[in-house]
Amino acid sequence: MQFKHPELLYALFLLVIPILIHLFQLRRFQKVKFTNVKFLKAVKLQTRKSSQLKKWLTLVSRLLLLACAIIAFAQPFIPNTEDFNEAQETVIYLDNSYSMQAKGKNGTLLNEAIQDIINTLPEDEPISLFTNDQTYRNTTVKALKNDLIQLGHSSTQLNYDALYLKGKQLFSTDLGSTKNLILVSDFQQKSNPIAFESDSIVNLRLVQPKSNIATNVSIDSVYISNTSAETLDLNVKLSNQGVALENITVSLFNNDELLAKSAVDLNGETETTFTISNNMIINGRLMVDDVGLQYDNSFYFNINAKSKIKVLAINENADDDFLKRIYTNDEFELLSFNIDALNFNLIPDQNLIILNELDVISEALRTALNTFKNDGGNIVIIPSDNINLNSYNQLFRDNNLSGYNSYSNSEKRITSINYDHPLLANAFYSKVTNFQYPKVDIAYRFSSNSNTVLSYDDGSSFLIGNNGAYAFSSALNEDNSNFKNSPLIVPVLYNMGKQSLKLPQLYYSIGQPNSIAINAALGQDEILTLASDESSVIPLQKTYSKTVVLETNEYPNTAGILEVKNKEQTLQNLSFNYNRSESNLSYFELQSINNRTLNESLALTINDIKSSSTINALWKWFVIFALVFLIIEILLLKYLK
């Protein structure tokens, strides 16, 4: 037994006072003379014995009364543990990632943990608490209460090693205190197994609340698969965690207008396709009906207004009318110049450059074309009948194309179409097996038939293409070939033009660095902003002559569609979605981790810490004993004769 105020025990020396009073009391008996001395002597002896017994019993009860009162004021107690007297430090990690949206016994797992903190910890007890995006050091539950109630979910999650190290850094340097690190998380399975280094100073306590949900449907990604002049196919990838589900409804909205619905059966992963107009501006939102995690039931994407594709034709005594018929003003912006009148400053602004039957490719033109290609532009090479072979092959080498190595003046027919080549993928509804074969009188032979798009009847290549660079093996003028009159020329050259305009990304992910190029020529002191209905921010940006590159990382932190604005003018819209890594319903088994305690409830963990630092107070018992001895003294004085 120990005492909270042991200095008060010195008052026990005051018990000597009643003892001295008892031993040295000055009261004397008065002598009275009687005739019958024998009788009086017997009465005297009997009275003295009863009086002495009563006095001793009264003295003992009085001493015990005073002793119990003094000990009660000294507040005796019995500690529950050996380290009860050490100062306690508590650091709590609260996982607020989106996986903590899962339903538990009393709401979401995150809300359960918040209520345990508010209801279980004393309001004035000093603690430190951190989440995936916030840190509160040396504070109290009373000061944290409003922040905890308003705590939202984070789009990112600290990895387990990082949060363990961060938690230990929040402790003080006092070696005499007991340090309790509480990690509250569902501990989703990640790519690396979970492990914590043992630490003799820190008591690691893991809290893994259990979820009641058995399935979770997630919209994972969106991409465009097939495009035509009128329509495009929007493919939606979905996944399901848990048991197989049937007839899951997927809805496609443009702003708040419902465009289409689809029903899918889900067992693992699947896809569904929506066919929409190719000329629509869409602020898209996909929705799925699911009772599991809510954050992954919506997916945002954008199809903005398409700018005209810029095509530059560089000619040398060659006809360009066939290019004007294909690259019309409704979709393309065609510029055509003779090589002698070419302004080289136009090259960087184009999407597609066509070398139309040049005899020689000058060093200056080759350098400009290589720079243009490295910046993402596309090139089409149509040779003349009499070329400088070396200048052409140098350009081919720069663009990883097979060069010309021989010359043929025998007639050939174009008979084979490579339907799997990216240029012609989805260009035909079905494979064409019977068509009027175009012919060529004079042609060059490529050193390799790799990346063939169209080929002759002898197996050699008529058209090759690789990574945005295309080359024909012969001139297309009417004296040499009738390819201009063939139905093949339209899909071939049209797709070259369409694919030269890189479509912007449909969406971006929150919580990771994004570099977004916006076509805009800004004036001095002009900046772009990202705006929503609630707020507007200025992101990091790099301004170039024709584009502005926006850098996003920490903002935005909420999924949705934002407007890119130059002052009041909206240039385009951007969509941001949460990373889908939190949709996983697989969790680590923590029983194998050493040097830790494990609970499913934060309240139980907090109570365990309290019990290790609490005592069994005994002062109430000594107050009761004092009252008992007081009552005994009263009874002795009143009833003992």
# chains A, B, ... in the order shown; residues from 1 in each chain; ligands from 1
>>> select_by_dssp(residues="range 578-632 of chain A", states="helix (DSSP H, G or I)", output="ChimeraX atom specification")
/A:580-583,602-612,619-632
>>> residues_around(residues="Leu635 in chain A", least_positions_apart="4", cutoff="12 Å", atoms="only C-alpha atoms", output="mmCIF file with C-alpha atoms, in the first residue's frame")
data_model
loop_
_atom_site.group_PDB
_atom_site.id
_atom_site.type_symbol
_atom_site.label_atom_id
_atom_site.label_comp_id
_atom_site.auth_asym_id
_atom_site.auth_seq_id
_atom_site.Cartn_x
_atom_site.Cartn_y
_atom_site.Cartn_z
ATOM 1 C CA LYS A 54 -14.642 1.007 29.688
ATOM 2 C CA LEU A 57 -12.164 0.281 25.138
ATOM 3 C CA THR A 58 -12.997 3.945 24.661
ATOM 4 C CA SER A 61 -11.842 3.142 19.587
ATOM 5 C CA VAL A 628 -17.516 2.841 12.454
ATOM 6 C CA PHE A 629 -15.115 3.528 15.319
ATOM 7 C CA LEU A 630 -16.939 6.775 16.060
ATOM 8 C CA ILE A 631 -20.188 4.849 16.349
ATOM 9 C CA TYR A 639 -24.448 1.577 26.968
ATOM 10 C CA LEU A 640 -21.394 0.060 28.646
ATOM 11 C CA LYS A 641 -22.088 0.255 32.468
#
>>> residues_around(residues="range 496-499 of chain A", least_positions_apart="4", cutoff="8 Å", atoms="only C-alpha atoms", output="mmCIF file with C-alpha atoms, in the first residue's frame")
data_model
loop_
_atom_site.group_PDB
_atom_site.id
_atom_site.type_symbol
_atom_site.label_atom_id
_atom_site.label_comp_id
_atom_site.auth_asym_id
_atom_site.auth_seq_id
_atom_site.Cartn_x
_atom_site.Cartn_y
_atom_site.Cartn_z
ATOM 1 C CA ILE A 309 -6.298 19.646 -86.866
ATOM 2 C CA VAL A 311 -1.975 19.988 -91.574
ATOM 3 C CA TYR A 327 -8.579 17.580 -95.230
ATOM 4 C CA ASN A 351 -0.149 18.516 -86.042
ATOM 5 C CA LEU A 352 0.678 16.738 -89.314
ATOM 6 C CA LEU A 423 -3.578 3.417 -88.382
ATOM 7 C CA VAL A 492 -5.552 6.050 -94.862
#
>>> closest_residue(among="A:Asp233, A:Asn240, A:Gln436, A:Gly560", to="Pro487 in chain A", atoms="only C-alpha atoms")
A:Gln436
>>> residues_around(residues="Ile414 in chain A", least_positions_apart="5", cutoff="6 Å", atoms="only C-alpha atoms", output="list in words")
Tyr437, Pro438, Ser455 and Tyr456 of chain A
>>> write_last_selection(atoms="C-alpha atoms", output="mmCIF file, in the first residue's frame")
data_model
loop_
_atom_site.group_PDB
_atom_site.id
_atom_site.type_symbol
_atom_site.label_atom_id
_atom_site.label_comp_id
_atom_site.auth_asym_id
_atom_site.auth_seq_id
_atom_site.Cartn_x
_atom_site.Cartn_y
_atom_site.Cartn_z
ATOM 1 C CA TYR A 437 -6.444 -3.117 -106.527
ATOM 2 C CA PRO A 438 -4.512 0.135 -107.028
ATOM 3 C CA SER A 455 1.593 -4.143 -99.185
ATOM 4 C CA TYR A 456 1.987 -5.281 -102.801
#
>>> select_by_dssp(residues="range 423-530 of chain A", states="strand (DSSP E)", output="PyMOL selection string")
chain A and resi 439-440+443-446+452-456+461-466+469-472+508-509+514-519+528-530
>>> residues_around(residues="Gly523 in chain A", least_positions_apart="4", cutoff="12 Å", atoms="only C-alpha atoms", output="compact mmCIF listing (two decimals) with N, CA and C atoms, in the first residue's frame")
# COMPACT_ATOMS: atom_id res chain seq x y z
N ILE A 527 -2.63 34.66 -66.06
CA ILE A 527 -2.47 33.34 -65.47
C ILE A 527 -3.76 32.55 -65.64
N LEU A 528 -3.62 31.23 -65.55
CA LEU A 528 -4.79 30.35 -65.62
C LEU A 528 -5.20 29.94 -64.21
N THR A 543 4.50 28.76 -68.53
CA THR A 543 3.93 29.38 -69.72
C THR A 543 4.93 29.32 -70.87
N TYR A 544 4.46 28.82 -72.02
CA TYR A 544 5.25 28.78 -73.25
C TYR A 544 4.53 29.64 -74.29
N SER A 545 5.08 29.68 -75.49
CA SER A 545 4.52 30.58 -76.50
C SER A 545 3.10 30.20 -76.89
N LYS A 546 2.82 28.90 -77.01
CA LYS A 546 1.50 28.46 -77.47
C LYS A 546 0.75 27.64 -76.43
N THR A 547 1.42 27.23 -75.37
CA THR A 547 0.77 26.36 -74.38
C THR A 547 1.12 26.82 -72.97
N VAL A 548 0.31 26.36 -72.03
CA VAL A 548 0.55 26.54 -70.61
C VAL A 548 0.46 25.16 -69.96
N ASN A 566 -9.09 31.58 -68.09
CA ASN A 566 -8.23 32.74 -68.27
C ASN A 566 -9.11 33.95 -68.03
N LYS A 567 -8.99 34.51 -66.82
CA LYS A 567 -9.92 35.54 -66.34
C LYS A 567 -11.33 34.95 -66.32
>>> closest_residue(among="A:Asn594, A:Ala520, A:Phe483, A:Asp256", to="Phe196 in chain A", atoms="only C-alpha atoms")
A:Asn594
>>> residues_around(residues="Ala162 in chain A", least_positions_apart="2", cutoff="12 Å", atoms="only C-alpha atoms", output="list in words")
Tyr93, Thr131, Asn132, Gln157, Leu158, Asn159, Tyr160, Tyr164, Leu165, Lys166, Gly167, Lys168, Gln169, Leu183, Ile194, Ala195, Phe196 and Glu197 of chain A
>>> closest_residue(among="A:Gly242, A:Gly104, A:Gly468, A:Gly403", to="Asp186 in chain A", atoms="only C-alpha atoms")
A:Gly104
>>> residues_around(residues="Ala260 in chain A", least_positions_apart="3", cutoff="10 Å", atoms="only C-alpha atoms", output="PyMOL selection string")
chain A and resi 250-254+257+274-276+286
>>> atom_distance(atom1="CA of Val623 in chain A", atom2="CA of Asn607 in chain A")
28.4 Å
>>> closest_residue(among="A:Leu454, A:Val288, A:Ala74, A:Ile510", to="His5 in chain A", atoms="only C-alpha atoms")
A:Ala74
>>> closest_residue(among="A:Leu259, A:Val264, A:Leu590, A:Ile489", to="Met280 in chain A", atoms="only C-alpha atoms")
A:Leu259
>>> closest_residue(among="A:Leu637, A:Leu365, A:Ala87, A:Leu506", to="Leu234 in chain A", atoms="only C-alpha atoms")
A:Leu506
